[in-house]
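Below: coords_19.cif (mmCIF, C-alpha atoms)
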```
data_protein
#
loop_
_atom_site.label_atom_id
_atom_site.label_comp_id
_atom_site.auth_asym_id
_atom_site.auth_seq_id
_atom_site.Cartn_x
_atom_site.Cartn_y
_atom_site.Cartn_z
CA MET A 1 0.00 0.00 0.00
CA ALA A 2 2.84 2.40 0.88
CA ASP A 3 4.63 1.62 -2.37
CA THR A 4 1.43 2.18 -4.35
CA ALA A 5 0.86 5.52 -2.60
CA THR A 6 4.42 6.57 -3.33
CA VAL A 7 4.07 5.69 -6.99
CA THR A 8 0.75 7.52 -7.16
CA ARG A 9 2.08 10.64 -5.47
CA GLY A 10 5.22 10.77 -7.59
CA PRO A 11 3.61 11.70 -10.96
CA GLY A 12 1.13 13.95 -9.17
CA ARG A 13 3.92 15.91 -7.51
CA ARG A 14 5.82 16.23 -10.77
CA THR A 15 2.67 17.47 -12.50
CA GLY A 16 2.07 19.99 -9.70
CA TRP A 17 5.62 21.30 -9.98
CA ALA A 18 5.30 21.48 -13.75
CA PHE A 19 2.22 23.72 -13.45
CA SER A 20 3.53 25.84 -10.58
CA THR A 21 7.10 26.40 -11.79
CA PRO A 22 6.21 29.11 -14.38
CA ALA A 23 4.29 31.04 -11.72
CA LEU A 24 7.19 30.72 -9.26
CA ILE A 25 9.66 31.92 -11.85
CA ALA A 26 7.43 34.86 -12.76
CA GLY A 27 7.07 35.72 -9.07
CA LEU A 28 10.83 35.66 -8.59
CA ILE A 29 11.37 37.88 -11.62
CA VAL A 30 8.72 40.38 -10.52
CA THR A 31 9.76 40.59 -6.85
CA VAL A 32 13.31 39.39 -6.27
CA TYR A 33 15.03 40.97 -9.27
CA PRO A 34 13.70 44.53 -8.63
CA LEU A 35 14.65 44.19 -4.95
CA ILE A 36 18.21 43.12 -5.79
CA TYR A 37 18.47 45.93 -8.35
CA LEU A 38 17.18 48.44 -5.77
CA ILE A 39 19.68 47.31 -3.12
CA ALA A 40 22.54 47.35 -5.63
CA SER A 41 21.58 50.85 -6.76
CA SER A 42 21.39 52.13 -3.17
CA VAL A 43 25.04 51.26 -2.48
CA SER A 44 26.35 52.66 -5.76
CA ARG A 45 26.57 55.91 -7.63
CA SER A 46 23.89 55.50 -10.29
CA THR A 47 22.06 57.75 -12.70
CA LEU A 48 19.34 57.03 -15.23
CA GLY A 49 21.83 56.90 -18.07
CA GLN A 50 24.73 55.28 -16.23
CA PRO A 51 23.77 52.87 -13.43
CA PHE A 52 26.31 51.27 -11.10
CA GLN A 53 29.16 53.65 -11.88
CA GLU A 54 31.00 52.94 -8.63
CA LEU A 55 30.44 51.39 -5.22
CA VAL A 56 29.81 54.00 -2.52
CA GLY A 57 28.69 51.75 0.34
CA ALA A 58 26.46 53.46 2.89
CA ALA A 59 27.14 56.97 1.56
CA ASN A 60 23.66 57.32 0.05
CA PHE A 61 22.04 56.27 3.33
CA SER A 62 24.17 58.69 5.35
CA ARG A 63 23.21 61.42 2.93
CA ALA A 64 19.53 60.55 3.33
CA PHE A 65 19.61 60.69 7.13
CA GLY A 66 21.35 64.05 6.93
CA ASP A 67 18.90 65.42 4.36
CA THR A 68 16.42 67.63 6.23
CA THR A 69 13.95 67.62 3.34
CA PHE A 70 13.88 63.82 3.21
CA VAL A 71 13.58 63.35 6.99
CA GLU A 72 10.79 65.92 7.21
CA ALA A 73 9.01 64.23 4.30
CA LEU A 74 9.18 60.89 6.13
CA VAL A 75 7.67 62.40 9.27
CA ARG A 76 5.04 64.27 7.27
CA THR A 77 4.14 61.16 5.26
CA SER A 78 3.79 59.06 8.42
CA ALA A 79 1.56 61.68 10.03
CA PHE A 80 -0.46 62.02 6.81
CA ALA A 81 -0.92 58.26 6.44
CA ILE A 82 -1.89 57.64 10.07
CA GLY A 83 -4.16 60.69 10.25
CA THR A 84 -6.03 60.04 7.00
CA ALA A 85 -6.36 56.31 7.63
CA VAL A 86 -7.79 56.75 11.14
CA PHE A 87 -10.12 59.56 10.03
CA GLN A 88 -11.41 57.63 7.03
CA VAL A 89 -11.99 54.45 9.02
CA ALA A 90 -13.90 56.39 11.68
CA LEU A 91 -15.99 58.21 9.09
CA GLY A 92 -16.45 55.01 7.10
CA LEU A 93 -17.75 53.25 10.23
CA VAL A 94 -20.31 56.01 10.77
CA ILE A 95 -21.44 55.84 7.13
CA ALA A 96 -21.65 52.04 7.26
CA LEU A 97 -23.78 52.16 10.41
CA LEU A 98 -26.12 54.70 8.80
CA MET A 99 -26.39 52.58 5.65
CA ARG A 100 -27.27 49.58 7.77
CA GLN A 101 -30.21 51.47 9.28
CA LEU A 102 -31.66 52.29 5.86
CA THR A 103 -34.67 50.26 4.81
CA ARG A 104 -34.98 51.77 1.33
CA GLY A 105 -32.60 53.03 -1.31
CA GLN A 106 -29.57 51.03 -0.17
CA ASN A 107 -28.60 50.15 -3.75
CA VAL A 108 -28.82 53.79 -4.82
CA ILE A 109 -26.72 54.94 -1.85
CA ARG A 110 -24.07 52.29 -2.52
CA THR A 111 -23.87 53.35 -6.16
CA LEU A 112 -23.54 57.04 -5.28
CA ILE A 113 -20.79 56.58 -2.71
CA LEU A 114 -18.88 54.38 -5.16
CA LEU A 115 -18.52 57.24 -7.66
CA PRO A 116 -15.48 58.85 -5.97
CA LEU A 117 -13.79 55.47 -5.70
CA LEU A 118 -14.36 54.76 -9.39
CA THR A 119 -12.79 58.08 -10.36
CA PRO A 120 -9.14 57.68 -11.45
CA PRO A 121 -6.79 59.33 -8.91
CA VAL A 122 -5.42 61.75 -11.51
CA MET A 123 -8.92 62.90 -12.45
CA ALA A 124 -9.86 63.22 -8.78
CA ALA A 125 -6.83 65.46 -8.28
CA VAL A 126 -7.78 67.57 -11.31
CA VAL A 127 -11.34 67.96 -10.03
CA TRP A 128 -10.13 69.12 -6.62
CA LYS A 129 -7.62 71.50 -8.18
CA LEU A 130 -10.45 73.10 -10.15
CA ILE A 131 -12.63 73.28 -7.04
CA LEU A 132 -9.88 74.93 -4.99
CA ALA A 133 -8.63 77.25 -7.73
CA PRO A 134 -8.41 80.89 -6.49
CA ASN A 135 -9.93 82.21 -9.72
CA GLY A 136 -13.19 80.59 -10.77
CA GLY A 137 -13.03 77.74 -8.26
CA LEU A 138 -16.24 76.51 -6.65
CA PHE A 139 -14.83 76.77 -3.12
CA ASN A 140 -13.97 80.46 -3.38
CA ALA A 141 -17.19 81.24 -5.23
CA VAL A 142 -19.30 79.73 -2.43
CA LEU A 143 -17.36 81.52 0.31
CA MET A 144 -17.66 84.85 -1.49
CA GLN A 145 -21.39 84.34 -2.06
CA LEU A 146 -21.82 83.67 1.66
CA GLY A 147 -19.82 86.78 2.48
CA LEU A 148 -17.19 84.84 4.44
CA ILE A 149 -14.34 86.23 2.35
CA THR A 150 -13.91 89.39 0.31
CA GLU A 151 -11.23 88.13 -2.07
CA PRO A 152 -10.19 84.69 -3.33
CA VAL A 153 -7.84 82.61 -1.18
CA SER A 154 -5.31 80.06 -2.40
CA LEU A 155 -5.49 77.14 -0.01
CA LEU A 156 -3.06 75.10 -2.11
CA GLY A 157 -0.60 77.98 -1.82
CA SER A 158 -0.70 77.93 1.98
CA SER A 159 2.00 76.10 3.91
CA PHE A 160 -0.59 74.81 6.37
CA TRP A 161 -3.70 74.27 4.24
CA ALA A 162 -2.02 72.61 1.24
CA ILE A 163 -1.47 69.24 2.94
CA VAL A 164 -4.91 69.52 4.60
CA MET A 165 -6.52 69.89 1.17
CA VAL A 166 -4.58 66.87 -0.10
CA ALA A 167 -5.89 64.90 2.90
CA LEU A 168 -9.42 66.11 2.13
CA ALA A 169 -9.17 64.99 -1.50
CA ASP A 170 -7.77 61.62 -0.41
CA SER A 171 -10.60 61.19 2.10
CA TRP A 172 -13.19 62.07 -0.53
CA GLN A 173 -11.89 59.30 -2.77
CA TRP A 174 -11.17 56.51 -0.30
CA THR A 175 -13.76 56.84 2.47
CA PRO A 176 -16.43 55.13 0.31
CA PHE A 177 -14.13 52.12 -0.05
CA VAL A 178 -13.68 51.93 3.72
CA ALA A 179 -17.41 52.37 4.32
CA LEU A 180 -18.37 49.58 1.92
CA ILE A 181 -15.89 47.13 3.45
CA ILE A 182 -17.15 47.84 6.97
CA TYR A 183 -20.75 47.72 5.73
CA ALA A 184 -20.11 44.24 4.32
CA GLY A 185 -18.71 43.23 7.71
CA LEU A 186 -21.80 44.57 9.47
CA LEU A 187 -24.10 42.59 7.19
CA ALA A 188 -22.23 39.40 8.09
CA LEU A 189 -22.92 39.77 11.83
CA PRO A 190 -25.42 37.22 13.23
CA GLN A 191 -28.84 38.69 13.93
CA SER A 192 -29.47 36.28 16.79
CA VAL A 193 -27.04 38.23 18.99
CA TYR A 194 -29.01 41.45 18.42
CA GLU A 195 -32.29 39.69 19.15
CA ALA A 196 -30.86 38.45 22.44
CA ALA A 197 -29.65 41.98 23.27
CA GLN A 198 -33.14 43.38 22.65
CA VAL A 199 -34.62 40.77 24.94
CA GLU A 200 -32.15 41.83 27.65
CA GLY A 201 -33.18 45.48 27.15
CA ALA A 202 -29.88 46.77 25.74
CA GLY A 203 -30.06 50.28 24.27
CA PRO A 204 -28.51 51.45 20.98
CA TRP A 205 -25.24 52.62 22.57
CA GLN A 206 -24.86 49.46 24.66
CA THR A 207 -25.58 47.34 21.60
CA PHE A 208 -22.93 49.17 19.59
CA ARG A 209 -20.31 49.17 22.36
CA TYR A 210 -20.62 45.59 23.54
CA ILE A 211 -21.85 43.78 20.42
CA THR A 212 -21.42 45.60 17.12
CA PHE A 213 -18.00 47.16 17.63
CA PRO A 214 -16.23 44.09 19.09
CA MET A 215 -17.67 41.83 16.40
CA VAL A 216 -16.81 44.15 13.50
CA LEU A 217 -13.38 45.07 14.93
CA PRO A 218 -11.50 42.47 12.82
CA THR A 219 -12.94 44.07 9.68
CA ILE A 220 -12.06 47.55 10.94
CA THR A 221 -8.45 46.63 11.68
CA ALA A 222 -8.09 44.90 8.31
CA VAL A 223 -9.36 47.90 6.36
CA LEU A 224 -7.27 50.22 8.56
CA LEU A 225 -4.14 48.30 7.55
CA ILE A 226 -5.08 48.44 3.87
CA LYS A 227 -5.85 52.15 3.99
CA LEU A 228 -2.68 52.91 5.94
CA ILE A 229 -0.58 51.34 3.20
CA ILE A 230 -2.55 53.15 0.49
CA SER A 231 -2.06 56.48 2.28
CA PHE A 232 1.69 55.95 2.42
CA LYS A 233 1.70 55.52 -1.36
CA VAL A 234 -0.09 58.79 -2.22
CA PHE A 235 1.50 60.29 -5.32
CA ASP A 236 -1.10 61.43 -7.83
CA LEU A 237 -2.70 64.00 -5.55
CA ILE A 238 0.64 65.59 -4.64
CA TYR A 239 1.79 65.58 -8.26
CA ILE A 240 -1.33 67.36 -9.52
CA LEU A 241 -2.38 69.54 -6.59
CA THR A 242 0.79 70.92 -5.03
CA ALA A 243 3.94 69.32 -6.53
CA GLY A 244 5.18 69.21 -2.94
CA GLY A 245 4.84 72.96 -2.40
CA PRO A 246 4.72 75.56 -1.29
CA ALA A 247 8.38 75.36 -0.19
CA ASP A 248 8.11 71.56 0.29
CA ALA A 249 5.34 72.08 2.90
CA SER A 250 3.24 69.29 1.35
CA MET A 251 6.13 67.12 0.20
CA LEU A 252 5.45 63.42 0.78
CA SER A 253 8.02 60.66 0.44
CA GLY A 254 6.62 59.11 -2.74
CA PHE A 255 6.81 62.37 -4.68
CA LEU A 256 10.22 63.26 -3.22
CA ILE A 257 11.67 59.90 -4.33
CA PHE A 258 10.16 60.44 -7.78
CA ARG A 259 11.73 63.89 -7.97
CA THR A 260 15.13 62.58 -6.90
CA ALA A 261 15.12 59.78 -9.50
CA MET A 262 13.29 61.31 -12.47
CA ARG A 263 14.13 65.01 -12.22
CA GLU A 264 17.52 65.01 -10.54
CA PHE A 265 18.46 61.66 -12.16
CA ASP A 266 20.13 60.46 -8.94
CA VAL A 267 18.94 56.86 -9.01
CA GLY A 268 21.37 55.64 -6.34
CA TYR A 269 20.19 58.19 -3.82
CA ALA A 270 16.53 57.57 -4.73
CA ALA A 271 17.06 53.83 -4.15
CA ALA A 272 18.47 54.51 -0.68
CA GLN A 273 15.51 56.79 0.06
CA THR A 274 13.14 54.04 -1.09
CA LEU A 275 14.66 51.40 1.20
CA ILE A 276 14.50 53.74 4.19
CA PHE A 277 10.90 54.58 3.29
CA VAL A 278 10.00 50.87 3.13
CA ILE A 279 11.50 50.34 6.59
CA VAL A 280 9.48 53.25 7.99
CA VAL A 281 6.27 51.92 6.43
CA THR A 282 6.98 48.49 7.92
CA ILE A 283 7.59 49.93 11.39
CA VAL A 284 4.38 51.97 11.29
CA THR A 285 2.23 49.10 10.01
CA ILE A 286 3.54 46.43 12.41
CA PRO A 287 1.35 47.55 15.37
CA VAL A 288 -1.74 47.58 13.14
CA THR A 289 -0.84 44.13 11.82
CA MET A 290 -0.43 42.81 15.36
CA LEU A 291 -3.77 44.35 16.37
CA ARG A 292 -5.43 42.81 13.32
CA ASN A 293 -4.06 39.34 14.14
CA ARG A 294 -5.13 39.72 17.77
CA THR A 295 -8.68 40.73 16.92
CA ARG A 296 -8.90 38.14 14.19
CA TRP A 297 -8.22 35.21 16.48
CA SER A 298 -9.80 36.55 19.67
#
```
Show how you would write the structure in this file as structure tokens.
Amino acid sequence: MADTATVTRGPGRRTGWAFSTPALIAGLIVTVYPLIYLIASSVSRSTLGQPFQELVGAANFSRAFGDTTFVEALVRTSAFAIGTAVFQVALGLVIALLMRQLTRGQNVIRTLILLPLLTPPVMAAVVWKLILAPNGGLFNAVLMQLGLITEPVSLLGSSFWAIVMVALADSWQWTPFVALIIYAGLLALPQSVYEAAQVEGAGPWQTFRYITFPMVLPTITAVLLIKLIISFKVFDLIYILTAGGPADASMLSGFLIFRTAMREFDVGYAAAQTLIFVIVVTIVTIPVTMLRNRTRWS
């Protein structure tokens, strides 16, 4: 019997490897090769036209840690990612709870809130740039009609408001995604628990605090992790709305790395910046990952 099983498993294993080998090779090419190239570039003096000119060791990393613009961009990007992710998850939870209470028009509401998510990021940035434009923009027109301002204001030209407007545009686009994921999690909750809570006389707040929130927490932490990673990767909005300005006040790491590689042609330095950025993203997301695993198995 053992010999028969061995003979039977042998061709099956070979067939499995034959089908899986192309996918494994493709995965290695797509992931391992770019990583090796990135590491090699980070320890060398490389440009777009002439990569790997000479080995410089940790010089690019030392330069990055001493670069005030890069360090400030890392801090700003981390604050932006954490702030927008938490805000959007909180707002998405509220929207999902409201959608759950609706008895009519749920399909229409879901379709409407999907529109921002279906808009390409570049087009979303263009729309917000037109809205916030000092001359002819909807935002200034409304404020002037209400008598709140006497002359147009340039929010994207403000050192403080520029990054806030980028966060607002990002929230407009991604909060519907968060809301729909949490809404799906709410629909999956067992109704028998709520029926038992009603029998016990639990009020709306008690039901939310002790039943709804703990049961939907795994979904919330999962979508928080996803949105945190997406927020770290924001590029389109910065590129269209502010280009990192004014005076690098809205500079995020993704756009700064792009500028270093594609405008200053310093690929080696951009590679070092990228590796440091990846480490920072990993450090920031580890607590959320641990929380997600804890809530998932609790």
May I ask for the distance between atom CA of Gly254 of chain A and atom CA of Ser158 of chain A, given in Å to one decimal place? 20.7 Å
8 Å contact set for segment 64-72 of chain A, all atoms listed in the file, chain neighbours under 4 positions out, as a list in words: Asn60, Arg76, Asp248, Ser253, Leu256, Tyr269, Ala272 and Gln273 of chain A
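For the choices A:Pro190, A:Tyr33, A:Ala90, A:Ser78, the atom-to-atom distance to Ile279 of chain A is smallest for A:Ser78 when using all atoms listed in the file.
For the atom pair formed by atom CA of Pro134 of chain A and atom CA of Gly157 of chain A, the distance is 9.6 Å, given to one decimal.
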Can you translate the PyMOL selection byres ((chain A and resi 129) around 10) into the concrete residues it hits in this file, as an NGL selection string? :A and (123-128 or 130-134 or 137 or 156 or 165-166 or 169 or 237 or 240-242)
For Trp174 of chain A, please output as a PyMOL selection string all residues within 12 Å (counting only C-alpha atoms; exclusion window: fewer than 4 positions along the same chain). chain A and resi 84-89+91-92+113-121+124+167-170+178-181+223-224+226-228+230-231+234
Centre, x/y/z edge lengths, axis-aligned box for segment 68-76 of chain A with 4 Å per side, as JSON:
```
{"center_x": 10.7, "center_y": 64.3, "center_z": 6.2, "size_x": 19.4, "size_y": 14.7, "size_z": 14.1}
```
Once the PyMOL selection byres ((chain A and resi 41) around 12) has been evaluated on this model, what residues remain selected, and can you format them as an MDAnalysis selection string? chainID A and resid 34:40 42:48 50:61 261 266:275
Atom CA of Val288 of chain A to atom CA of Leu225 of chain A measures 6.1 Å
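Closest to Asp236 of chain A among A:Thr111, A:Gln145, A:Phe255, A:Ala79 is A:Phe255, based on only C-alpha atoms.
Using all atoms listed in the file for every distance, the candidate list A:Ala162, A:Ile149, A:Ala197, A:Leu97 yields A:Leu97 as the residue closest to Gly185 of chain A.
Nearest to Gly245 of chain A of all the residues A:Asn135, A:Leu74, A:Leu155, A:Ala18 is A:Leu155, counting only C-alpha atoms.
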Selecting C-alpha atoms, how would segment 87-205 of chain A from this structure be written as a CSV table (one decimal), in the first residue's frame?
```csv
chain,number,residue,atom,x,y,z
A,87,PHE,CA,-10.1,59.6,10.0
A,88,GLN,CA,-11.4,57.6,7.0
A,89,VAL,CA,-12.0,54.5,9.0
A,90,ALA,CA,-13.9,56.4,11.7
A,91,LEU,CA,-16.0,58.2,9.1
A,92,GLY,CA,-16.4,55.0,7.1
A,93,LEU,CA,-17.7,53.3,10.2
A,94,VAL,CA,-20.3,56.0,10.8
A,95,ILE,CA,-21.4,55.8,7.1
A,96,ALA,CA,-21.7,52.0,7.3
A,97,LEU,CA,-23.8,52.2,10.4
A,98,LEU,CA,-26.1,54.7,8.8
A,99,MET,CA,-26.4,52.6,5.7
A,100,ARG,CA,-27.3,49.6,7.8
A,101,GLN,CA,-30.2,51.5,9.3
A,102,LEU,CA,-31.7,52.3,5.9
A,103,THR,CA,-34.7,50.3,4.8
A,104,ARG,CA,-35.0,51.8,1.3
A,105,GLY,CA,-32.6,53.0,-1.3
A,106,GLN,CA,-29.6,51.0,-0.2
A,107,ASN,CA,-28.6,50.1,-3.7
A,108,VAL,CA,-28.8,53.8,-4.8
A,109,ILE,CA,-26.7,54.9,-1.9
A,110,ARG,CA,-24.1,52.3,-2.5
A,111,THR,CA,-23.9,53.4,-6.2
A,112,LEU,CA,-23.5,57.0,-5.3
A,113,ILE,CA,-20.8,56.6,-2.7
A,114,LEU,CA,-18.9,54.4,-5.2
A,115,LEU,CA,-18.5,57.2,-7.7
A,116,PRO,CA,-15.5,58.9,-6.0
A,117,LEU,CA,-13.8,55.5,-5.7
A,118,LEU,CA,-14.4,54.8,-9.4
A,119,THR,CA,-12.8,58.1,-10.4
A,120,PRO,CA,-9.1,57.7,-11.5
A,121,PRO,CA,-6.8,59.3,-8.9
A,122,VAL,CA,-5.4,61.7,-11.5
A,123,MET,CA,-8.9,62.9,-12.4
A,124,ALA,CA,-9.9,63.2,-8.8
A,125,ALA,CA,-6.8,65.5,-8.3
A,126,VAL,CA,-7.8,67.6,-11.3
A,127,VAL,CA,-11.3,68.0,-10.0
A,128,TRP,CA,-10.1,69.1,-6.6
A,129,LYS,CA,-7.6,71.5,-8.2
A,130,LEU,CA,-10.4,73.1,-10.2
A,131,ILE,CA,-12.6,73.3,-7.0
A,132,LEU,CA,-9.9,74.9,-5.0
A,133,ALA,CA,-8.6,77.3,-7.7
A,134,PRO,CA,-8.4,80.9,-6.5
A,135,ASN,CA,-9.9,82.2,-9.7
A,136,GLY,CA,-13.2,80.6,-10.8
A,137,GLY,CA,-13.0,77.7,-8.3
A,138,LEU,CA,-16.2,76.5,-6.7
A,139,PHE,CA,-14.8,76.8,-3.1
A,140,ASN,CA,-14.0,80.5,-3.4
A,141,ALA,CA,-17.2,81.2,-5.2
A,142,VAL,CA,-19.3,79.7,-2.4
A,143,LEU,CA,-17.4,81.5,0.3
A,144,MET,CA,-17.7,84.9,-1.5
A,145,GLN,CA,-21.4,84.3,-2.1
A,146,LEU,CA,-21.8,83.7,1.7
A,147,GLY,CA,-19.8,86.8,2.5
A,148,LEU,CA,-17.2,84.8,4.4
A,149,ILE,CA,-14.3,86.2,2.3
A,150,THR,CA,-13.9,89.4,0.3
A,151,GLU,CA,-11.2,88.1,-2.1
A,152,PRO,CA,-10.2,84.7,-3.3
A,153,VAL,CA,-7.8,82.6,-1.2
A,154,SER,CA,-5.3,80.1,-2.4
A,155,LEU,CA,-5.5,77.1,0.0
A,156,LEU,CA,-3.1,75.1,-2.1
A,157,GLY,CA,-0.6,78.0,-1.8
A,158,SER,CA,-0.7,77.9,2.0
A,159,SER,CA,2.0,76.1,3.9
A,160,PHE,CA,-0.6,74.8,6.4
A,161,TRP,CA,-3.7,74.3,4.2
A,162,ALA,CA,-2.0,72.6,1.2
A,163,ILE,CA,-1.5,69.2,2.9
A,164,VAL,CA,-4.9,69.5,4.6
A,165,MET,CA,-6.5,69.9,1.2
A,166,VAL,CA,-4.6,66.9,-0.1
A,167,ALA,CA,-5.9,64.9,2.9
A,168,LEU,CA,-9.4,66.1,2.1
A,169,ALA,CA,-9.2,65.0,-1.5
A,170,ASP,CA,-7.8,61.6,-0.4
A,171,SER,CA,-10.6,61.2,2.1
A,172,TRP,CA,-13.2,62.1,-0.5
A,173,GLN,CA,-11.9,59.3,-2.8
A,174,TRP,CA,-11.2,56.5,-0.3
A,175,THR,CA,-13.8,56.8,2.5
A,176,PRO,CA,-16.4,55.1,0.3
A,177,PHE,CA,-14.1,52.1,-0.1
A,178,VAL,CA,-13.7,51.9,3.7
A,179,ALA,CA,-17.4,52.4,4.3
A,180,LEU,CA,-18.4,49.6,1.9
A,181,ILE,CA,-15.9,47.1,3.5
A,182,ILE,CA,-17.2,47.8,7.0
A,183,TYR,CA,-20.8,47.7,5.7
A,184,ALA,CA,-20.1,44.2,4.3
A,185,GLY,CA,-18.7,43.2,7.7
A,186,LEU,CA,-21.8,44.6,9.5
A,187,LEU,CA,-24.1,42.6,7.2
A,188,ALA,CA,-22.2,39.4,8.1
A,189,LEU,CA,-22.9,39.8,11.8
A,190,PRO,CA,-25.4,37.2,13.2
A,191,GLN,CA,-28.8,38.7,13.9
A,192,SER,CA,-29.5,36.3,16.8
A,193,VAL,CA,-27.0,38.2,19.0
A,194,TYR,CA,-29.0,41.4,18.4
A,195,GLU,CA,-32.3,39.7,19.2
A,196,ALA,CA,-30.9,38.5,22.4
A,197,ALA,CA,-29.6,42.0,23.3
A,198,GLN,CA,-33.1,43.4,22.6
A,199,VAL,CA,-34.6,40.8,24.9
A,200,GLU,CA,-32.1,41.8,27.6
A,201,GLY,CA,-33.2,45.5,27.1
A,202,ALA,CA,-29.9,46.8,25.7
A,203,GLY,CA,-30.1,50.3,24.3
A,204,PRO,CA,-28.5,51.5,21.0
A,205,TRP,CA,-25.2,52.6,22.6
```
